[in-house]
Each structure stands twice: as C-alpha cells, then as structure tokens.
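What follows is my_file07.pdb (PDB, C-alpha atoms).
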```pdb
ATOM      1  CA  ASP A   1     114.264  83.433 112.057
ATOM      2  CA  ALA A   2     111.949  86.179 113.310
ATOM      3  CA  GLY A   3     112.343  88.397 110.279
ATOM      4  CA  VAL A   4     112.029  92.173 110.324
ATOM      5  CA  ILE A   5     109.468  93.239 112.917
ATOM      6  CA  GLN A   6     107.500  96.442 112.576
ATOM      7  CA  SER A   7     105.038  98.035 114.947
ATOM      8  CA  PRO A   8     102.314  99.046 114.989
ATOM      9  CA  ARG A   9     100.689  97.233 112.035
ATOM     10  CA  HIS A  10      98.085  99.959 111.739
ATOM     11  CA  GLU A  11      98.074 103.534 112.959
ATOM     12  CA  VAL A  12      95.206 105.980 112.653
ATOM     13  CA  THR A  13      95.849 109.490 113.860
ATOM     14  CA  GLU A  14      94.574 113.006 113.445
ATOM     15  CA  MET A  15      96.338 115.662 111.454
ATOM     16  CA  GLY A  16      98.911 117.468 113.548
ATOM     17  CA  GLN A  17      99.658 114.568 115.853
ATOM     18  CA  GLU A  18     103.067 112.966 116.203
ATOM     19  CA  VAL A  19     103.471 109.471 114.815
ATOM     20  CA  THR A  20     106.295 107.063 115.641
ATOM     21  CA  LEU A  21     106.879 103.886 113.665
ATOM     22  CA  ARG A  22     109.197 101.208 114.993
ATOM     23  CA  CYS A  23     111.400  98.582 113.435
ATOM     24  CA  LYS A  24     113.536  95.706 114.645
ATOM     25  CA  PRO A  25     115.839  94.434 111.890
ATOM     26  CA  ILE A  26     117.037  90.870 111.455
ATOM     27  CA  SER A  27     119.810  90.110 113.907
ATOM     28  CA  GLY A  28     123.208  90.413 112.238
ATOM     29  CA  HIS A  29     122.031  92.646 109.419
ATOM     30  CA  ASN A  30     123.987  95.880 109.278
ATOM     31  CA  SER A  31     121.882  97.920 106.872
ATOM     32  CA  LEU A  32     118.393  99.218 107.560
ATOM     33  CA  PHE A  33     116.014 100.952 105.193
ATOM     34  CA  TRP A  34     112.742 102.844 105.530
ATOM     35  CA  TYR A  35     110.449 102.793 102.487
ATOM     36  CA  ARG A  36     107.044 104.333 101.857
ATOM     37  CA  GLN A  37     104.534 102.740  99.508
ATOM     38  CA  THR A  38     101.835 104.743  97.761
ATOM     39  CA  MET A  39      99.670 103.900  94.779
ATOM     40  CA  MET A  40     101.094 106.714  92.699
ATOM     41  CA  ARG A  41     104.795 106.338  93.426
ATOM     42  CA  GLY A  42     105.217 102.723  94.475
ATOM     43  CA  LEU A  43     108.011 102.013  96.941
ATOM     44  CA  GLU A  44     110.113 105.070  97.700
ATOM     45  CA  LEU A  45     113.290 104.941  99.747
ATOM     46  CA  LEU A  46     113.128 107.463 102.577
ATOM     47  CA  ILE A  47     116.391 106.821 104.414
ATOM     48  CA  TYR A  48     118.923 104.099 104.971
ATOM     49  CA  PHE A  49     121.416 103.341 107.702
ATOM     50  CA  ASN A  50     124.620 101.345 107.575
ATOM     51  CA  ASN A  51     126.077 100.231 110.910
ATOM     52  CA  ASN A  52     123.552 102.499 112.668
ATOM     53  CA  VAL A  53     124.760 105.595 110.789
ATOM     54  CA  PRO A  54     122.416 107.423 108.399
ATOM     55  CA  ILE A  55     123.996 107.181 104.951
ATOM     56  CA  ASP A  56     121.384 108.721 102.686
ATOM     57  CA  ASP A  57     118.301 110.631 103.805
ATOM     58  CA  SER A  58     117.650 112.345 100.496
ATOM     59  CA  GLY A  59     114.312 110.593 100.214
ATOM     60  CA  MET A  60     112.917 112.059 103.411
ATOM     61  CA  PRO A  61     110.146 114.289 102.099
ATOM     62  CA  GLU A  62     110.248 117.109 104.623
ATOM     63  CA  ASP A  63     111.675 118.214 107.926
ATOM     64  CA  ARG A  64     108.569 116.777 109.517
ATOM     65  CA  PHE A  65     110.131 113.351 108.964
ATOM     66  CA  SER A  66     113.016 112.098 111.079
ATOM     67  CA  ALA A  67     114.599 108.701 111.646
ATOM     68  CA  LYS A  68     116.932 107.322 114.254
ATOM     69  CA  MET A  69     118.829 104.124 114.818
ATOM     70  CA  PRO A  70     120.164 104.202 118.372
ATOM     71  CA  ASN A  71     121.493 100.646 118.171
ATOM     72  CA  ALA A  72     121.787  97.706 115.789
ATOM     73  CA  SER A  73     118.449  96.223 116.804
ATOM     74  CA  PHE A  74     116.088  99.187 116.720
ATOM     75  CA  SER A  75     115.039 102.082 114.515
ATOM     76  CA  THR A  76     112.251 104.635 114.542
ATOM     77  CA  LEU A  77     110.645 106.813 111.912
ATOM     78  CA  LYS A  78     108.872 109.839 113.312
ATOM     79  CA  ILE A  79     106.463 112.225 111.620
ATOM     80  CA  GLN A  80     105.732 115.441 113.481
ATOM     81  CA  PRO A  81     103.292 116.979 112.757
ATOM     82  CA  SER A  82     101.503 114.424 110.595
ATOM     83  CA  GLU A  83      99.400 115.415 107.587
ATOM     84  CA  PRO A  84      96.748 113.531 105.566
ATOM     85  CA  ARG A  85      99.161 113.215 102.602
ATOM     86  CA  ASP A  86     101.460 111.141 104.803
ATOM     87  CA  SER A  87      98.910 108.323 104.683
ATOM     88  CA  ALA A  88     100.690 105.328 103.188
ATOM     89  CA  VAL A  89     102.223 101.987 104.089
ATOM     90  CA  TYR A  90     105.668 102.365 105.610
ATOM     91  CA  PHE A  91     108.073  99.458 105.291
ATOM     92  CA  CYS A  92     111.276  98.781 107.126
ATOM     93  CA  ALA A  93     113.845  96.458 105.552
ATOM     94  CA  SER A  94     117.250  95.142 106.535
ATOM     95  CA  SER A  95     120.129  93.471 104.748
ATOM     96  CA  LEU A  96     123.724  92.359 105.052
ATOM     97  CA  GLY A  97     124.617  95.506 103.176
ATOM     98  CA  GLY A  98     127.876  97.224 102.526
ATOM     99  CA  GLN A  99     130.014  98.539  99.733
ATOM    100  CA  GLY A 100     129.607  96.325  96.683
ATOM    101  CA  ASN A 101     127.397  93.868  98.505
ATOM    102  CA  ASN A 102     124.227  92.997  96.636
ATOM    103  CA  SER A 103     122.498  91.197  99.485
ATOM    104  CA  PRO A 104     118.704  91.267  98.995
ATOM    105  CA  LEU A 105     116.514  93.292 101.297
ATOM    106  CA  HIS A 106     114.279  91.572 103.825
ATOM    107  CA  PHE A 107     111.121  93.549 104.469
ATOM    108  CA  GLY A 108     108.841  93.735 107.455
ATOM    109  CA  ASN A 109     105.062  93.539 107.018
ATOM    110  CA  GLY A 110     104.713  97.301 107.105
ATOM    111  CA  THR A 111     102.771  99.888 109.083
ATOM    112  CA  ARG A 112      99.631 101.224 107.438
ATOM    113  CA  LEU A 113      99.342 104.862 108.475
ATOM    114  CA  THR A 114      96.119 106.807 108.086
ATOM    115  CA  VAL A 115      96.110 110.494 108.943
ATOM    116  CA  THR A 116      92.645 112.038 109.085
TER     117      THR A 116
ATOM    118  CA  ASP B   1     111.088 111.263  87.936
ATOM    119  CA  GLN B   2     110.582 107.505  87.861
ATOM    120  CA  GLN B   3     113.898 105.842  87.077
ATOM    121  CA  VAL B   4     112.309 102.396  87.135
ATOM    122  CA  LYS B   5     109.011 102.001  85.339
ATOM    123  CA  GLN B   6     106.474  99.232  85.227
ATOM    124  CA  ASN B   7     103.958 100.444  82.695
ATOM    125  CA  SER B   8     101.414  97.672  83.184
ATOM    126  CA  PRO B   9      99.617  98.095  86.500
ATOM    127  CA  SER B  10      97.898  94.731  86.130
ATOM    128  CA  LEU B  11      98.054  91.475  84.219
ATOM    129  CA  SER B  12      95.715  88.492  84.100
ATOM    130  CA  VAL B  13      96.961  85.078  82.962
ATOM    131  CA  GLN B  14      95.402  81.638  82.894
ATOM    132  CA  GLU B  15      96.864  78.933  85.092
ATOM    133  CA  GLY B  16      99.500  76.950  83.225
ATOM    134  CA  ARG B  17     100.302  79.733  80.789
ATOM    135  CA  ILE B  18     103.315  82.027  80.741
ATOM    136  CA  SER B  19     103.254  85.304  82.657
ATOM    137  CA  ILE B  20     105.529  88.050  81.354
ATOM    138  CA  LEU B  21     106.087  91.118  83.495
ATOM    139  CA  ASN B  22     108.020  94.026  82.057
ATOM    140  CA  CYS B  23     110.213  96.742  83.500
ATOM    141  CA  ASP B  24     112.102  99.657  81.972
ATOM    142  CA  TYR B  25     114.784 101.815  83.532
ATOM    143  CA  THR B  26     116.365 105.108  82.583
ATOM    144  CA  ASN B  27     119.504 105.302  84.716
ATOM    145  CA  SER B  28     122.416 103.767  82.795
ATOM    146  CA  MET B  29     124.386 103.462  86.048
ATOM    147  CA  PHE B  30     122.097 100.675  87.246
ATOM    148  CA  ASP B  31     123.899  97.350  87.004
ATOM    149  CA  TYR B  32     121.965  95.080  89.335
ATOM    150  CA  PHE B  33     118.298  94.252  89.036
ATOM    151  CA  LEU B  34     115.861  92.391  91.223
ATOM    152  CA  TRP B  35     112.255  91.266  91.294
ATOM    153  CA  TYR B  36     110.234  91.237  94.488
ATOM    154  CA  LYS B  37     106.848  89.658  95.063
ATOM    155  CA  LYS B  38     104.291  91.082  97.458
ATOM    156  CA  TYR B  39     101.151  89.516  98.900
ATOM    157  CA  PRO B  40      98.464  91.697 100.558
ATOM    158  CA  ALA B  41      99.275  92.804 104.103
ATOM    159  CA  GLU B  42     102.815  91.483 103.820
ATOM    160  CA  GLY B  43     106.139  93.034 102.936
ATOM    161  CA  PRO B  44     107.816  92.395  99.581
ATOM    162  CA  THR B  45     109.920  89.238  99.373
ATOM    163  CA  PHE B  46     112.944  88.738  97.164
ATOM    164  CA  LEU B  47     112.295  86.563  94.128
ATOM    165  CA  ILE B  48     115.195  86.665  91.664
ATOM    166  CA  SER B  49     118.010  88.958  90.596
ATOM    167  CA  ILE B  50     120.357  89.539  87.687
ATOM    168  CA  SER B  51     123.656  91.341  87.275
ATOM    169  CA  SER B  52     124.345  93.413  84.181
ATOM    170  CA  ILE B  53     127.113  91.009  83.142
ATOM    171  CA  LYS B  54     124.383  88.488  82.325
ATOM    172  CA  ASP B  55     121.366  88.625  80.085
ATOM    173  CA  LYS B  56     119.432  85.781  81.668
ATOM    174  CA  ASN B  57     119.028  84.207  85.061
ATOM    175  CA  GLU B  58     116.798  81.266  85.804
ATOM    176  CA  ASP B  59     115.443  79.862  89.052
ATOM    177  CA  GLY B  60     112.865  77.132  88.677
ATOM    178  CA  ARG B  61     109.735  78.545  87.083
ATOM    179  CA  PHE B  62     111.131  82.077  87.175
ATOM    180  CA  THR B  63     113.457  83.573  84.567
ATOM    181  CA  VAL B  64     114.630  87.158  84.339
ATOM    182  CA  PHE B  65     115.886  88.561  81.052
ATOM    183  CA  LEU B  66     117.951  91.730  80.774
ATOM    184  CA  ASN B  67     118.361  93.810  77.603
ATOM    185  CA  LYS B  68     120.914  96.464  78.492
ATOM    186  CA  SER B  69     120.796  98.294  75.181
ATOM    187  CA  ALA B  70     117.043  98.746  75.525
ATOM    188  CA  LYS B  71     117.252  99.314  79.299
ATOM    189  CA  HIS B  72     114.576  96.694  79.701
ATOM    190  CA  LEU B  73     114.090  93.629  81.816
ATOM    191  CA  SER B  74     111.343  91.099  82.072
ATOM    192  CA  LEU B  75     110.240  88.357  84.414
ATOM    193  CA  HIS B  76     108.838  85.164  82.939
ATOM    194  CA  ILE B  77     106.848  82.734  85.058
ATOM    195  CA  VAL B  78     106.243  79.352  83.462
ATOM    196  CA  PRO B  79     103.903  77.705  84.172
ATOM    197  CA  SER B  80     101.854  80.266  86.087
ATOM    198  CA  GLN B  81     100.093  79.028  89.216
ATOM    199  CA  PRO B  82      97.274  80.585  91.277
ATOM    200  CA  GLY B  83      99.737  81.095  94.150
ATOM    201  CA  ASP B  84     101.723  83.419  91.907
ATOM    202  CA  SER B  85      98.917  85.981  92.136
ATOM    203  CA  ALA B  86     100.590  88.959  93.802
ATOM    204  CA  VAL B  87     102.088  92.348  93.075
ATOM    205  CA  TYR B  88     105.517  92.153  91.458
ATOM    206  CA  PHE B  89     108.025  94.953  91.902
ATOM    207  CA  CYS B  90     111.028  95.496  89.715
ATOM    208  CA  ALA B  91     114.032  97.120  91.430
ATOM    209  CA  ALA B  92     117.434  98.383  90.351
ATOM    210  CA  ALA B  93     120.673  99.378  92.025
ATOM    211  CA  THR B  94     124.204 100.457  91.281
ATOM    212  CA  THR B  95     127.058  98.290  92.573
ATOM    213  CA  GLY B  96     128.820 100.237  95.259
ATOM    214  CA  THR B  97     125.588 101.617  96.639
ATOM    215  CA  ALA B  98     124.905  98.220  98.122
ATOM    216  CA  SER B  99     121.246  97.512  98.656
ATOM    217  CA  LYS B 100     119.948 101.001  97.952
ATOM    218  CA  LEU B 101     117.215  99.942  95.580
ATOM    219  CA  THR B 102     115.007 101.999  93.314
ATOM    220  CA  PHE B 103     111.636 100.318  92.843
ATOM    221  CA  GLY B 104     109.018 100.480  90.151
ATOM    222  CA  THR B 105     105.348 101.001  90.947
ATOM    223  CA  GLY B 106     104.499  97.311  90.656
ATOM    224  CA  THR B 107     102.374  95.066  88.464
ATOM    225  CA  ARG B 108      99.488  93.118  89.937
ATOM    226  CA  LEU B 109      99.407  89.598  88.504
ATOM    227  CA  GLN B 110      96.211  87.588  88.675
ATOM    228  CA  VAL B 111      96.469  83.922  87.722
ATOM    229  CA  THR B 112      93.043  82.539  86.957
ATOM    230  CA  LEU B 113      91.866  78.940  86.985
TER     231      LEU B 113
END
```

Output the file's structure as structure tokens, nothing else.
Amino acid sequence: DAGVIQSPRHEVTEMGQEVTLRCKPISGHNSLFWYRQTMMRGLELLIYFNNNVPIDDSGMPEDRFSAKMPNASFSTLKIQPSEPRDSAVYFCASSLGGQGNNSPLHFGNGTRLTVT
Amino acid sequence: DQQVKQNSPSLSVQEGRISILNCDYTNSMFDYFLWYKKYPAEGPTFLISISSIKDKNEDGRFTVFLNKSAKHLSLHIVPSQPGDSAVYFCAAATTGTASKLTFGTGTRLQVTL
C-alpha cells in the first residue's frame, strides 16, 4: 500500500512565481481533498473532488489558486502568482468517500511551501 | 470563524498517566467526529472516531467521549506512552457530506519519561 503520494516535499519560490503541487491518491479511492495547514488556522479544506469532479471549492482562498483532477490517479494544486502569505504545508488526502460514507481520510506527507 | 476549537495548544503528561485532549464545536449539524494524530514531517493519520448516536467509543488505550448537549468531545489516552507524543487534531463532519472534515487547530501532546 503506497499511500497518498505528494510531490515535491519542499518548495521554495519567489513571490510572483507559479507553483504546482502534485498528488497521487490511493488506488481505488474516489474522493480527493486538498488541505492547507498554518499555525493560526490549523488544517483548512481548500477543495475536494469526488469521482474526479470538483464538489466544493469554497475554501480556495483566491482566484490565484486552482486545482485539477484530470483522472482518478492524479491531481494538481496551482498557485499563480504566489505570495509570501501562501507559505504553509499543503496536504492532499484521499478516501472511499461518497454520500453518507464516513470513510476516514488518508493523508500524504505534505508539501512545505515557502514563498520569499 | 472556527467551527471546531481546540483551546489548548499544548499538553505535557508523564508516561503512564492519563492524557485528556479536549475539543469544542459550534455547528450543531456535525454528527460525526474524528481524532487524527500527526508526527513531524508526516501527514495526519486517523486515530478514532465517534458518531453522534454514541457518547463513547473505545479502541485500546484510546477512548473518545462525546457530550452533544455541551458540543464537546475529548480524547483520553491511558496509559500515555512516549510514542504518543504528537499533534492531535479533532475533526467534525456532517453525514451526507461524506469525508468533508472541519479540523481544529491541534494540540501538541508531549509525554515525558
């Protein structure tokens, strides 16, 4: 069981640059989530997909953030242009989700983003 | 607006003693609650959950208690072990929204020898 795989583990970039974070969910899981962790706000849900379709993106902070899930085994979170306040740890998680299903989330090890 | 609150950012407990981590929530629609444990440089891992139809759920050394009237839940770890030292996140969801969880800000538990 490979678990949820995220890349890169660390990303350091300059303000204004585009950043792309990648995620491979657990095979067979049909829900995928992007979370952001900061000291002040803890883990915040940015967006989640069910069967590759975005279901709720109300947590995406600004238009600078976008996420895609072109197939069941891959998702990206893009920030363009990046700003220093975007510095955080970004987690991807997957689950056997669905209506009324309380399957726990399985998290990747996160991408630590630093924007200077 | 934090719908799930963990008011203690840190807690230190001696090995062998009981650790009690607390969590409060404001959204009365939440009916499913979970605890996740997180080690440094790793993602959170699922620990234990409880549905609102119960007031207690036990799994080995870990017990979660739910007080719906007070909108409060707690995680008890007995006995505490050094390997339990981690950040613990409380999370809540509404049945029907599947795994869309709302997390608290976490409590860092340090179990000392």

Would you list which chain A residues are within 10 Å of chain B using all atoms listed in the file, as JSON, numbers by chain? {"A": [4, 9, 31, 32, 33, 37, 38, 39, 40, 41, 42, 43, 44, 45, 47, 48, 50, 56, 89, 90, 91, 92, 93, 94, 95, 96, 97, 98, 99, 100, 101, 102, 103, 104, 105, 106, 107, 108, 109, 110, 111, 112]}

Evaluate the PyMOL selection byres ((chain A and resi 52) around 8) and report residues as a ChimeraX atom specification: /A:30-32,49-51,53-54,69-72

Report as a count of residues only the full result of the PyMOL selection byres ((chain B and resi 12) around 8) when it is applied to this structure. 8

Please indicate the distance in Å from CA of His10 (chain A) to CA of Lys37 (chain B), rounded to one decimal place.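 Distance between the two atoms: 21.5 Å.
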
Do a neighbour search on Val115 (chain A) at 12 Å with all atoms listed in the file, toss out local chain neighbours closer than 2 positions, and write the hits as a PyMOL selection string. chain A and resi 10-19+79-89+112-113

Given the file above and the PyMOL selection byres ((chain A and resi 23) around 6), which residues are selected, and can you give them as a ChimeraX atom specification? /A:5-6,22,24,74-75

From CA of Lys54 (chain B) to CA of Ile18 (chain B) the spacing works out at 22.1 Å

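From CA of His76 (chain B) back to CA of Leu113 (chain B), the distance works out to 18.5 Å.
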
Using all atoms listed in the file, what residues lie at most 6 Å away from (109.1, 105.2, 116.7) (file coordinates), given as a PDB file with C-alpha atoms, in the coordinates of the input?
```pdb
ATOM      1  CA  THR A  20     106.295 107.063 115.641  1.00  0.00           C
ATOM      2  CA  LEU A  21     106.879 103.886 113.665  1.00  0.00           C
ATOM      3  CA  ARG A  22     109.197 101.208 114.993  1.00  0.00           C
ATOM      4  CA  THR A  76     112.251 104.635 114.542  1.00  0.00           C
ATOM      5  CA  LEU A  77     110.645 106.813 111.912  1.00  0.00           C
ATOM      6  CA  LYS A  78     108.872 109.839 113.312  1.00  0.00           C
TER       7      LYS A  78
END
```

So for region 70-80 of chain A, what box centre and size do we get, axis-aligned, 3 Å extra on each of the six sides, every listed atom, Å to one decimal, as JSON?
```
{"center_x": 113.8, "center_y": 105.8, "center_z": 115.0, "size_x": 22.1, "size_y": 25.2, "size_z": 12.8}
```

Mind rebuilding region 98-113 of chain B with N, CA, C and O atoms and writing that out as an mmCIF file, in the frame of the given file?
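After the write, selection34.cif holds the following:
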```
data_model
loop_
_atom_site.group_PDB
_atom_site.id
_atom_site.type_symbol
_atom_site.label_atom_id
_atom_site.label_comp_id
_atom_site.auth_asym_id
_atom_site.auth_seq_id
_atom_site.Cartn_x
_atom_site.Cartn_y
_atom_site.Cartn_z
ATOM 1 N N ALA B 98 125.408 99.355 97.350
ATOM 2 C CA ALA B 98 124.905 98.220 98.122
ATOM 3 C C ALA B 98 123.441 97.957 97.818
ATOM 4 O O ALA B 98 123.048 97.817 96.694
ATOM 5 N N SER B 99 122.632 97.911 98.851
ATOM 6 C CA SER B 99 121.246 97.512 98.656
ATOM 7 C C SER B 99 120.309 98.698 98.484
ATOM 8 O O SER B 99 119.113 98.557 98.662
ATOM 9 N N LYS B 100 120.830 99.848 98.148
ATOM 10 C CA LYS B 100 119.948 101.001 97.952
ATOM 11 C C LYS B 100 119.213 100.800 96.635
ATOM 12 O O LYS B 100 119.730 101.053 95.565
ATOM 13 N N LEU B 101 117.985 100.314 96.755
ATOM 14 C CA LEU B 101 117.215 99.942 95.580
ATOM 15 C C LEU B 101 116.244 101.039 95.174
ATOM 16 O O LEU B 101 115.662 101.705 96.015
ATOM 17 N N THR B 102 116.065 101.162 93.864
ATOM 18 C CA THR B 102 115.007 101.999 93.314
ATOM 19 C C THR B 102 113.952 101.076 92.742
ATOM 20 O O THR B 102 114.254 100.241 91.882
ATOM 21 N N PHE B 103 112.715 101.217 93.219
ATOM 22 C CA PHE B 103 111.636 100.318 92.843
ATOM 23 C C PHE B 103 110.726 100.940 91.797
ATOM 24 O O PHE B 103 110.553 102.168 91.739
ATOM 25 N N GLY B 104 110.116 100.077 91.006
ATOM 26 C CA GLY B 104 109.018 100.480 90.151
ATOM 27 C C GLY B 104 107.724 100.519 90.947
ATOM 28 O O GLY B 104 107.716 100.242 92.150
ATOM 29 N N THR B 105 106.637 100.853 90.269
ATOM 30 C CA THR B 105 105.348 101.001 90.947
ATOM 31 C C THR B 105 104.587 99.689 91.082
ATOM 32 O O THR B 105 103.562 99.650 91.729
ATOM 33 N N GLY B 106 105.104 98.632 90.474
ATOM 34 C CA GLY B 106 104.499 97.311 90.656
ATOM 35 C C GLY B 106 103.506 96.940 89.576
ATOM 36 O O GLY B 106 102.878 97.796 88.945
ATOM 37 N N THR B 107 103.385 95.639 89.360
ATOM 38 C CA THR B 107 102.374 95.066 88.464
ATOM 39 C C THR B 107 101.619 93.997 89.229
ATOM 40 O O THR B 107 102.228 93.082 89.794
ATOM 41 N N ARG B 108 100.312 94.120 89.241
ATOM 42 C CA ARG B 108 99.488 93.118 89.937
ATOM 43 C C ARG B 108 99.177 91.983 88.980
ATOM 44 O O ARG B 108 98.532 92.196 87.950
ATOM 45 N N LEU B 109 99.651 90.789 89.315
ATOM 46 C CA LEU B 109 99.407 89.598 88.504
ATOM 47 C C LEU B 109 98.268 88.789 89.104
ATOM 48 O O LEU B 109 98.280 88.486 90.298
ATOM 49 N N GLN B 110 97.319 88.455 88.279
ATOM 50 C CA GLN B 110 96.211 87.588 88.675
ATOM 51 C C GLN B 110 96.260 86.339 87.813
ATOM 52 O O GLN B 110 96.164 86.434 86.583
ATOM 53 N N VAL B 111 96.455 85.195 88.444
ATOM 54 C CA VAL B 111 96.469 83.922 87.722
ATOM 55 C C VAL B 111 95.125 83.256 87.949
ATOM 56 O O VAL B 111 94.760 82.926 89.082
ATOM 57 N N THR B 112 94.404 83.074 86.860
ATOM 58 C CA THR B 112 93.043 82.539 86.957
ATOM 59 C C THR B 112 93.008 81.054 86.640
ATOM 60 O O THR B 112 93.863 80.535 85.915
ATOM 61 N N LEU B 113 91.995 80.393 87.183
ATOM 62 C CA LEU B 113 91.866 78.940 86.985
ATOM 63 C C LEU B 113 91.344 78.607 85.597
ATOM 64 O O LEU B 113 90.659 79.431 84.973
#
```
